$ cat run-v4.cif   # mmCIF, C-alpha atoms
data_coords
loop_
_atom_site.group_PDB
_atom_site.id
_atom_site.type_symbol
_atom_site.label_atom_id
_atom_site.label_comp_id
_atom_site.auth_asym_id
_atom_site.auth_seq_id
_atom_site.Cartn_x
_atom_site.Cartn_y
_atom_site.Cartn_z
ATOM 1 C CA PHE H 1 0.000 0.000 0.000
ATOM 2 C CA SER H 2 1.087 3.571 -0.527
ATOM 3 C CA VAL H 3 1.694 6.096 2.220
ATOM 4 C CA PRO H 4 0.717 9.693 1.450
ATOM 5 C CA ILE H 5 3.472 12.256 1.856
ATOM 6 C CA SER H 6 2.703 14.985 4.364
ATOM 7 C CA ASP H 7 4.269 18.376 4.905
ATOM 8 C CA THR H 8 3.564 18.116 8.639
ATOM 9 C CA GLN H 9 6.761 18.193 10.665
ATOM 10 C CA TYR H 10 5.203 17.557 14.061
ATOM 11 C CA PHE H 11 5.865 14.427 16.094
ATOM 12 C CA GLU H 12 3.146 13.481 18.557
ATOM 13 C CA LEU H 13 4.240 12.083 21.919
ATOM 14 C CA CYS H 14 1.504 10.302 23.872
ATOM 15 C CA ASP H 15 3.525 9.597 27.002
ATOM 16 C CA TYR H 16 7.020 8.775 28.226
ATOM 17 C CA SER H 17 8.412 6.005 30.393
ATOM 18 C CA ARG H 18 8.622 6.787 34.080
ATOM 19 C CA TYR H 19 8.279 5.003 37.375
ATOM 20 C CA ILE H 20 4.922 5.264 39.139
ATOM 21 C CA GLN H 21 4.172 3.493 42.399
ATOM 22 C CA ALA H 22 1.556 0.727 42.068
ATOM 23 C CA TYR H 23 -1.316 0.116 44.461
ATOM 24 C CA LEU H 24 -3.789 -2.646 45.101
ATOM 25 C CA ASN H 25 -7.445 -1.796 44.565
ATOM 26 C CA ARG H 26 -10.800 -3.526 44.996
ATOM 27 C CA GLN H 27 -10.717 -5.265 41.625
ATOM 28 C CA ILE H 28 -7.187 -6.617 41.941
ATOM 29 C CA ILE H 29 -7.761 -7.691 45.560
ATOM 30 C CA LEU H 30 -10.892 -9.655 44.589
ATOM 31 C CA LEU H 31 -9.128 -11.440 41.741
ATOM 32 C CA LEU H 32 -6.004 -12.255 43.760
ATOM 33 C CA SER H 33 -8.262 -13.577 46.509
ATOM 34 C CA ALA H 34 -10.008 -15.794 43.956
ATOM 35 C CA LEU H 35 -6.566 -17.109 42.947
ATOM 36 C CA GLY H 36 -5.710 -18.132 46.500
ATOM 37 C CA ILE H 37 -4.039 -15.139 48.163
ATOM 38 C CA SER H 38 -5.291 -15.155 51.765
ATOM 39 C CA ASP H 39 -7.295 -12.312 53.308
ATOM 40 C CA GLN H 40 -4.671 -12.070 56.052
ATOM 41 C CA ILE H 41 -2.103 -10.908 53.512
ATOM 42 C CA PHE H 42 -4.309 -8.005 52.422
ATOM 43 C CA LEU H 43 -5.062 -7.061 56.026
ATOM 44 C CA GLU H 44 -1.327 -6.986 56.820
ATOM 45 C CA LYS H 45 -0.621 -4.791 53.778
ATOM 46 C CA LEU H 46 -3.475 -2.499 54.802
ATOM 47 C CA GLU H 47 -2.230 -2.094 58.378
ATOM 48 C CA SER H 48 1.361 -1.510 57.246
ATOM 49 C CA TYR H 49 0.179 1.182 54.834
ATOM 50 C CA ARG H 50 -2.036 2.826 57.446
ATOM 51 C CA GLN H 51 0.897 3.096 59.847
ATOM 52 C CA SER H 52 3.129 4.502 57.109
ATOM 53 C CA LEU H 53 0.631 7.305 56.453
ATOM 54 C CA GLU H 54 1.605 8.793 59.810
ATOM 55 C CA ASP H 55 5.109 9.458 58.457
ATOM 56 C CA GLU H 56 5.214 12.839 56.683
ATOM 57 C CA LYS H 57 8.211 11.937 54.546
ATOM 58 C CA PHE H 58 6.426 8.819 53.309
ATOM 59 C CA VAL H 59 3.266 10.780 52.519
ATOM 60 C CA LEU H 60 5.176 13.350 50.475
ATOM 61 C CA SER H 61 7.082 10.612 48.650
ATOM 62 C CA LEU H 62 3.789 9.435 47.161
ATOM 63 C CA VAL H 63 3.231 12.674 45.271
ATOM 64 C CA HIS H 64 3.218 11.604 41.612
ATOM 65 C CA TYR H 65 5.135 14.503 40.130
ATOM 66 C CA GLU H 66 8.892 13.890 40.150
ATOM 67 C CA GLU H 67 9.597 17.633 40.314
ATOM 68 C CA TRP H 68 7.700 17.897 43.601
ATOM 69 C CA ASN H 69 9.436 14.813 44.999
ATOM 70 C CA SER H 70 12.810 16.374 44.197
ATOM 71 C CA LEU H 71 11.739 19.618 45.866
ATOM 72 C CA PHE H 72 10.585 17.842 49.022
ATOM 73 C CA HIS H 73 13.809 15.818 49.112
ATOM 74 C CA GLU H 74 15.876 19.008 49.003
ATOM 75 C CA MET H 75 13.712 20.584 51.694
ATOM 76 C CA TYR H 76 14.275 17.633 54.018
ATOM 77 C CA LEU H 77 18.014 17.821 53.469
ATOM 78 C CA LYS H 78 17.848 21.440 54.632
ATOM 79 C CA GLY H 79 15.793 20.523 57.693
ATOM 80 C CA ILE H 80 12.473 21.967 56.483
ATOM 81 C CA THR H 81 9.625 19.774 57.767
ATOM 82 C CA MET H 82 5.958 20.140 58.688
ATOM 83 C CA LYS H 83 7.035 20.992 62.228
ATOM 84 C CA ASN H 84 8.636 24.273 61.175
ATOM 85 C CA ASP H 85 6.969 25.120 57.853
ATOM 86 C CA ARG H 86 3.248 25.713 57.267
ATOM 87 C CA LEU H 87 3.486 24.988 53.532
ATOM 88 C CA VAL H 88 4.937 21.532 54.117
ATOM 89 C CA LYS H 89 2.322 20.818 56.801
ATOM 90 C CA SER H 90 -0.445 21.863 54.416
ATOM 91 C CA LEU H 91 0.913 19.638 51.646
ATOM 92 C CA VAL H 92 1.253 16.666 53.998
ATOM 93 C CA ASP H 93 -2.280 17.079 55.358
ATOM 94 C CA THR H 94 -3.809 17.499 51.896
ATOM 95 C CA ASN H 95 -2.009 14.512 50.410
ATOM 96 C CA LYS H 96 -2.814 12.371 53.448
ATOM 97 C CA ASP H 97 -6.522 13.224 53.121
ATOM 98 C CA LEU H 98 -6.469 12.192 49.451
ATOM 99 C CA LEU H 99 -4.684 8.918 50.247
ATOM 100 C CA TYR H 100 -7.126 8.054 53.046
ATOM 101 C CA THR H 101 -10.076 8.860 50.769
ATOM 102 C CA ASP H 102 -8.751 6.494 48.089
ATOM 103 C CA LEU H 103 -8.099 3.859 50.740
ATOM 104 C CA LYS H 104 -11.670 4.125 52.045
ATOM 105 C CA HIS H 105 -13.518 4.182 48.730
ATOM 106 C CA LYS H 106 -11.212 2.165 46.448
ATOM 107 C CA ALA H 107 -9.234 -0.033 48.867
ATOM 108 C CA ARG H 108 -6.155 1.573 47.308
ATOM 109 C CA ILE H 109 -3.273 0.029 49.262
ATOM 110 C CA TYR H 110 0.360 0.999 48.708
ATOM 111 C CA ILE H 111 2.658 -1.906 47.798
ATOM 112 C CA LYS H 112 6.366 -1.197 48.151
ATOM 113 C CA ASP H 113 7.585 -3.908 45.776
ATOM 114 C CA SER H 114 5.632 -2.850 42.726
ATOM 115 C CA ALA H 115 5.538 -0.575 39.697
ATOM 116 C CA TYR H 116 2.988 0.922 37.331
ATOM 117 C CA VAL H 117 4.587 1.192 33.899
ATOM 118 C CA ILE H 118 3.873 1.468 30.176
ATOM 119 C CA GLY H 119 3.869 -1.736 28.133
ATOM 120 C CA ILE H 120 5.833 -2.178 24.907
ATOM 121 C CA MET H 121 6.654 -5.082 22.587
ATOM 122 C CA ASP H 122 9.965 -6.924 22.316
ATOM 123 C CA GLU H 123 11.232 -5.552 18.993
ATOM 124 C CA TYR H 124 14.191 -7.957 19.022
ATOM 125 C CA GLY H 125 12.095 -11.113 19.231
ATOM 126 C CA VAL H 126 14.173 -12.709 22.006
ATOM 127 C CA LEU H 127 11.553 -13.061 24.743
ATOM 128 C CA GLU H 128 9.617 -16.317 24.822
ATOM 129 C CA TYR H 129 5.935 -16.647 25.593
ATOM 130 C CA GLY H 130 5.564 -16.385 29.384
ATOM 131 C CA GLU H 131 8.571 -14.077 29.779
ATOM 132 C CA ALA H 132 8.827 -10.316 30.287
ATOM 133 C CA TYR H 133 11.442 -7.695 31.105
ATOM 134 C CA LEU H 134 11.376 -4.718 33.474
ATOM 135 C CA HIS H 135 14.186 -2.466 34.674
ATOM 136 C CA ILE H 136 12.937 -0.200 37.475
ATOM 137 C CA LYS H 137 14.964 2.946 37.951
ATOM 138 C CA ARG H 138 14.321 5.970 40.130
ATOM 139 C CA ARG H 139 16.222 8.110 42.616
ATOM 140 C CA ASN H 140 18.527 5.923 44.744
ATOM 141 C CA PHE H 141 16.920 2.748 43.405
ATOM 142 C CA ASP H 142 17.890 0.514 40.503
ATOM 143 C CA LEU H 143 16.457 -2.978 40.016
ATOM 144 C CA ILE H 144 16.164 -5.386 37.085
ATOM 145 C CA LEU H 145 13.531 -7.978 37.924
ATOM 146 C CA ASN H 146 14.612 -11.601 37.734
ATOM 147 C CA GLN H 147 11.722 -13.585 39.181
ATOM 148 C CA GLU H 148 8.087 -14.451 38.668
ATOM 149 C CA CYS H 149 5.781 -11.458 39.091
ATOM 150 C CA THR H 150 2.080 -10.684 39.017
ATOM 151 C CA VAL H 151 0.962 -8.468 36.139
ATOM 152 C CA ALA H 152 -2.458 -6.838 35.897
ATOM 153 C CA LYS H 153 -4.308 -3.936 34.343
ATOM 154 C CA CYS H 154 -7.472 -2.126 35.321
ATOM 155 C CA PRO H 155 -10.303 -2.569 34.775
ATOM 156 C CA CYS H 156 -9.945 -6.273 35.536
ATOM 157 C CA LEU H 157 -13.037 -8.373 36.184
ATOM 158 C CA HIS H 158 -12.011 -11.947 35.337
ATOM 159 C CA PRO H 159 -9.475 -14.052 37.308
ATOM 160 C CA GLY H 160 -7.671 -14.738 34.029
ATOM 161 C CA ASP H 161 -6.858 -11.025 33.767
ATOM 162 C CA ILE H 162 -4.179 -11.656 36.409
ATOM 163 C CA ARG H 163 -1.103 -13.106 34.713
ATOM 164 C CA LYS H 164 2.039 -14.522 36.292
ATOM 165 C CA LEU H 165 5.072 -13.912 34.080
ATOM 166 C CA LYS H 166 8.740 -14.836 34.428
ATOM 167 C CA PHE H 167 10.863 -11.683 34.327
ATOM 168 C CA VAL H 168 14.323 -12.199 32.874
ATOM 169 C CA SER H 169 17.546 -10.188 33.034
ATOM 170 C CA TYR H 170 20.979 -9.949 31.451
ATOM 171 C CA ASN H 171 23.933 -11.336 33.394
ATOM 172 C CA LYS H 172 27.406 -10.834 31.905
ATOM 173 C CA ASN H 173 28.572 -14.007 33.676
ATOM 174 C CA ASP H 174 25.830 -16.140 32.130
ATOM 175 C CA LYS H 175 26.054 -16.612 28.358
ATOM 176 C CA SER H 176 22.488 -17.889 28.172
ATOM 177 C CA THR H 177 21.270 -14.387 29.098
ATOM 178 C CA TYR H 178 23.296 -12.500 26.468
ATOM 179 C CA LYS H 179 20.224 -12.283 24.248
ATOM 180 C CA TYR H 180 18.645 -9.921 26.817
ATOM 181 C CA LYS H 181 21.516 -7.415 26.622
ATOM 182 C CA PRO H 182 19.678 -5.126 24.114
ATOM 183 C CA PHE H 183 17.130 -4.364 26.856
ATOM 184 C CA GLU H 184 19.702 -2.774 29.179
ATOM 185 C CA HIS H 185 18.812 0.788 28.195
ATOM 186 C CA TYR H 186 15.042 0.271 28.556
ATOM 187 C CA THR H 187 13.928 1.604 31.945
ATOM 188 C CA ASN H 188 10.477 1.784 33.542
ATOM 189 C CA VAL H 189 8.686 -0.056 30.743
ATOM 190 C CA ILE H 190 7.427 -3.630 30.783
ATOM 191 C CA ILE H 191 8.518 -5.458 27.644
ATOM 192 C CA PHE H 192 6.185 -8.230 26.431
ATOM 193 C CA PRO H 193 7.193 -10.977 23.967
ATOM 194 C CA GLN H 194 6.011 -10.991 20.375
ATOM 195 C CA LYS H 195 5.985 -14.794 20.434
ATOM 196 C CA GLY H 196 3.176 -17.090 21.526
ATOM 197 C CA HIS H 197 -0.298 -18.122 20.483
ATOM 198 C CA ARG H 198 -1.779 -14.972 22.001
ATOM 199 C CA PRO H 199 -0.263 -11.629 23.096
ATOM 200 C CA HIS H 200 0.053 -11.293 26.859
ATOM 201 C CA PRO H 201 -1.390 -7.752 26.798
ATOM 202 C CA ASN H 202 -4.548 -9.137 25.166
ATOM 203 C CA GLU H 203 -4.759 -11.790 27.888
ATOM 204 C CA ILE H 204 -4.634 -9.009 30.486
ATOM 205 C CA SER H 205 -8.088 -7.425 30.339
ATOM 206 C CA GLY H 206 -8.038 -7.440 26.546
ATOM 207 C CA SER H 207 -5.518 -4.607 26.444
ATOM 208 C CA ASP H 208 -3.010 -3.624 23.779
ATOM 209 C CA LEU H 209 0.225 -1.657 23.476
ATOM 210 C CA ASP H 210 -1.015 1.765 22.412
ATOM 211 C CA GLY H 211 0.018 3.438 25.650
ATOM 212 C CA ASP H 212 -1.616 1.083 28.175
ATOM 213 C CA CYS H 213 0.032 0.854 31.593
ATOM 214 C CA TYR H 214 0.323 -2.253 33.749
ATOM 215 C CA PHE H 215 0.599 -3.083 37.435
ATOM 216 C CA VAL H 216 3.643 -5.225 38.202
ATOM 217 C CA PHE H 217 3.846 -6.711 41.698
ATOM 218 C CA TYR H 218 7.101 -8.418 42.655
ATOM 219 C CA ASP H 219 6.072 -8.697 46.303
ATOM 220 C CA LYS H 220 6.199 -12.465 46.874
ATOM 221 C CA ASP H 221 3.062 -12.302 49.067
ATOM 222 C CA LEU H 222 1.043 -11.190 46.031
ATOM 223 C CA ILE H 223 2.188 -13.804 43.523
ATOM 224 C CA PRO H 224 -0.504 -16.507 43.301
ATOM 225 C CA ALA H 225 0.484 -20.160 43.146
ATOM 226 C CA LYS H 226 -2.066 -20.755 40.401
ATOM 227 C CA THR H 227 -3.588 -18.844 37.509
ATOM 228 C CA VAL H 228 -6.567 -19.552 35.270
ATOM 229 C CA GLU H 229 -7.049 -19.310 31.522
ATOM 230 C CA PRO H 230 -7.506 -15.728 30.355
ATOM 231 C CA MET H 231 -10.866 -14.619 29.053
ATOM 232 C CA ASN H 232 -11.440 -14.442 25.292
ATOM 233 C CA TYR H 233 -11.861 -10.771 24.436
ATOM 234 C CA ASN H 234 -12.104 -11.236 20.666
ATOM 235 C CA ILE H 235 -15.386 -10.137 19.122
ATOM 236 C CA ASP H 236 -16.500 -12.748 16.552
#
$ encode --input "run-v4.cif" --output "structure tokens"
Amino acid sequence: FSVPISDTQYFELCDYSRYIQAYLNRQIILLLSALGISDQIFLEKLESYRQSLEDEKFVLSLVHYEEWNSLFHEMYLKGITMKNDRLVKSLVDTNKDLLYTDLKHKARIYIKDSAYVIGIMDEYGVLEYGEAYLHIKRRNFDLILNQECTVAKCPCLHPGDIRKLKFVSYNKNDKSTYKYKPFEHYTNVIIFPQKGHRPHPNEISGSDLDGDCYFVFYDKDLIPAKTVEPMNYNID
């Protein structure tokens, strides 16, 4: 087919890769519970999060905008806290109210070992079906996942929307992992394989890779022992 030539010199950017903290919510909790994660686990995560909300530094760290996080970090280094600055106290109180509101109405529970990232396809064709890649990078934290993890996307209404994938990494001392070396410069994006009988993004709530973001939980308490077949989202 032919592609029309355009004089337009604009390049549209939908989004960019960045680390965002992931949370549990009502839908994900219900599905993980259906897959065998005990209620006690969720109650422990809830209580740990509730206690953390009393720490002003923790509350401010949950502000989404990186520029604000950097500002608050600098303020703490200079000894400016809610005890001696009304602006900081106001920001802490406002953010805490928002977090408690989400907790009450959405069961939105902070999970430390998690990420909410954009999904892309493996352009190199090295990942096998059932594998994925994620390099998490933010201030003072750098981690390439090398374990099984829970992957989900909202809305999710079927237990099969929760997938358990094996995350792989490059190790210079292991020749069998050399094929993953091209992924080294990809940060804060989950890379799905192009191989398999069905794309993993489609298995996860019938999503695709046009900017969709995914929850990745590498907290071992939230990785179910079993999964079920994903729902068929094709319209025939």
$ atom_distance --input "run-v4.cif" --atom1 "CA of Val168 in chain H" --atom2 "CA of Val228 in chain H"
22.3 Å
$ closest_residue --input "run-v4.cif" --among "H:Arg108, H:Arg18, H:Arg163, H:Lys78" --to "Arg50 in chain H" --atoms "only C-alpha atoms"
H:Arg108
$ atom_distance --input "run-v4.cif" --atom1 "CA of Pro201 in chain H" --atom2 "CA of Lys179 in chain H"
22.2 Å
$ closest_residue --input "run-v4.cif" --among "H:Phe11, H:Val59, H:Tyr170, H:Leu103" --to "Lys45 in chain H" --atoms "all atoms listed in the file"
H:Leu103
$ residues_around --input "run-v4.cif" --residues "Val126 in chain H" --least-positions-apart "6" --cutoff "10 Å" --atoms "only C-alpha atoms" --output "list in words"
Lys179, Tyr180, Pro182, Pro193, Gln194 and Lys195 of chain H
$ closest_residue --input "run-v4.cif" --among "H:Leu32, H:Ile223, H:Leu60, H:Val117" --to "Asp15 in chain H" --atoms "all atoms listed in the file"
H:Val117
$ closest_residue --input "run-v4.cif" --among "H:Lys106, H:Lys112, H:Lys137, H:Lys153" --to "Leu209 in chain H" --atoms "all atoms listed in the file"
H:Lys153
$ atom_distance --input "run-v4.cif" --atom1 "CA of Leu222 in chain H" --atom2 "CA of Glu184 in chain H"
26.5 Å
$ resolve_selection --input "run-v4.cif" --expression "the PyMOL selection byres ((chain H and resi 213) around 6)" --output "list in words"
Val117, Ile118, Gly119, Asp212 and Tyr214 of chain H
$ closest_residue --input "run-v4.cif" --among "H:Gln51, H:Ser176, H:Gln147, H:Asn202" --to "Val216 in chain H" --atoms "all atoms listed in the file"
H:Gln147
$ resolve_selection --input "run-v4.cif" --expression "the PyMOL selection byres ((chain H and resi 41) around 12)" --output "PDB file with C-alpha atoms, keeping the file's coordinate frame"
ATOM      1  CA  LEU H  24      -3.789  -2.646  45.101  1.00  0.00           C
ATOM      2  CA  ILE H  29      -7.761  -7.691  45.560  1.00  0.00           C
ATOM      3  CA  LEU H  32      -6.004 -12.255  43.760  1.00  0.00           C
ATOM      4  CA  SER H  33      -8.262 -13.577  46.509  1.00  0.00           C
ATOM      5  CA  GLY H  36      -5.710 -18.132  46.500  1.00  0.00           C
ATOM      6  CA  ILE H  37      -4.039 -15.139  48.163  1.00  0.00           C
ATOM      7  CA  SER H  38      -5.291 -15.155  51.765  1.00  0.00           C
ATOM      8  CA  ASP H  39      -7.295 -12.312  53.308  1.00  0.00           C
ATOM      9  CA  GLN H  40      -4.671 -12.070  56.052  1.00  0.00           C
ATOM     10  CA  PHE H  42      -4.309  -8.005  52.422  1.00  0.00           C
ATOM     11  CA  LEU H  43      -5.062  -7.061  56.026  1.00  0.00           C
ATOM     12  CA  GLU H  44      -1.327  -6.986  56.820  1.00  0.00           C
ATOM     13  CA  LYS H  45      -0.621  -4.791  53.778  1.00  0.00           C
ATOM     14  CA  LEU H  46      -3.475  -2.499  54.802  1.00  0.00           C
ATOM     15  CA  GLU H  47      -2.230  -2.094  58.378  1.00  0.00           C
ATOM     16  CA  SER H  48       1.361  -1.510  57.246  1.00  0.00           C
ATOM     17  CA  ILE H 109      -3.273   0.029  49.262  1.00  0.00           C
ATOM     18  CA  ILE H 111       2.658  -1.906  47.798  1.00  0.00           C
ATOM     19  CA  ASP H 219       6.072  -8.697  46.303  1.00  0.00           C
ATOM     20  CA  LYS H 220       6.199 -12.465  46.874  1.00  0.00           C
ATOM     21  CA  ASP H 221       3.062 -12.302  49.067  1.00  0.00           C
ATOM     22  CA  LEU H 222       1.043 -11.190  46.031  1.00  0.00           C
ATOM     23  CA  ILE H 223       2.188 -13.804  43.523  1.00  0.00           C
ATOM     24  CA  PRO H 224      -0.504 -16.507  43.301  1.00  0.00           C
TER      25      PRO H 224
END
$ closest_residue --input "run-v4.cif" --among "H:Leu30, H:Met121, H:Ala107, H:Leu53" --to "Asp93 in chain H" --atoms "all atoms listed in the file"
H:Leu53
$ resolve_selection --input "run-v4.cif" --expression "the PyMOL selection byres ((chain H and resi 190) around 10)" --output "PyMOL selection string"
chain H and resi 17+115-122+132-136+151+167+186-189+191-192+213-216
$ residues_around --input "run-v4.cif" --residues "Lys172 in chain H" --least-positions-apart "5" --cutoff "9 Å" --atoms "all atoms listed in the file" --output "list in words"
Thr177, Tyr178 and Lys181 of chain H
$ residues_around --input "run-v4.cif" --residues "Gly160 in chain H" --least-positions-apart "2" --cutoff "9 Å" --atoms "all atoms listed in the file" --output "count of residues only"
14
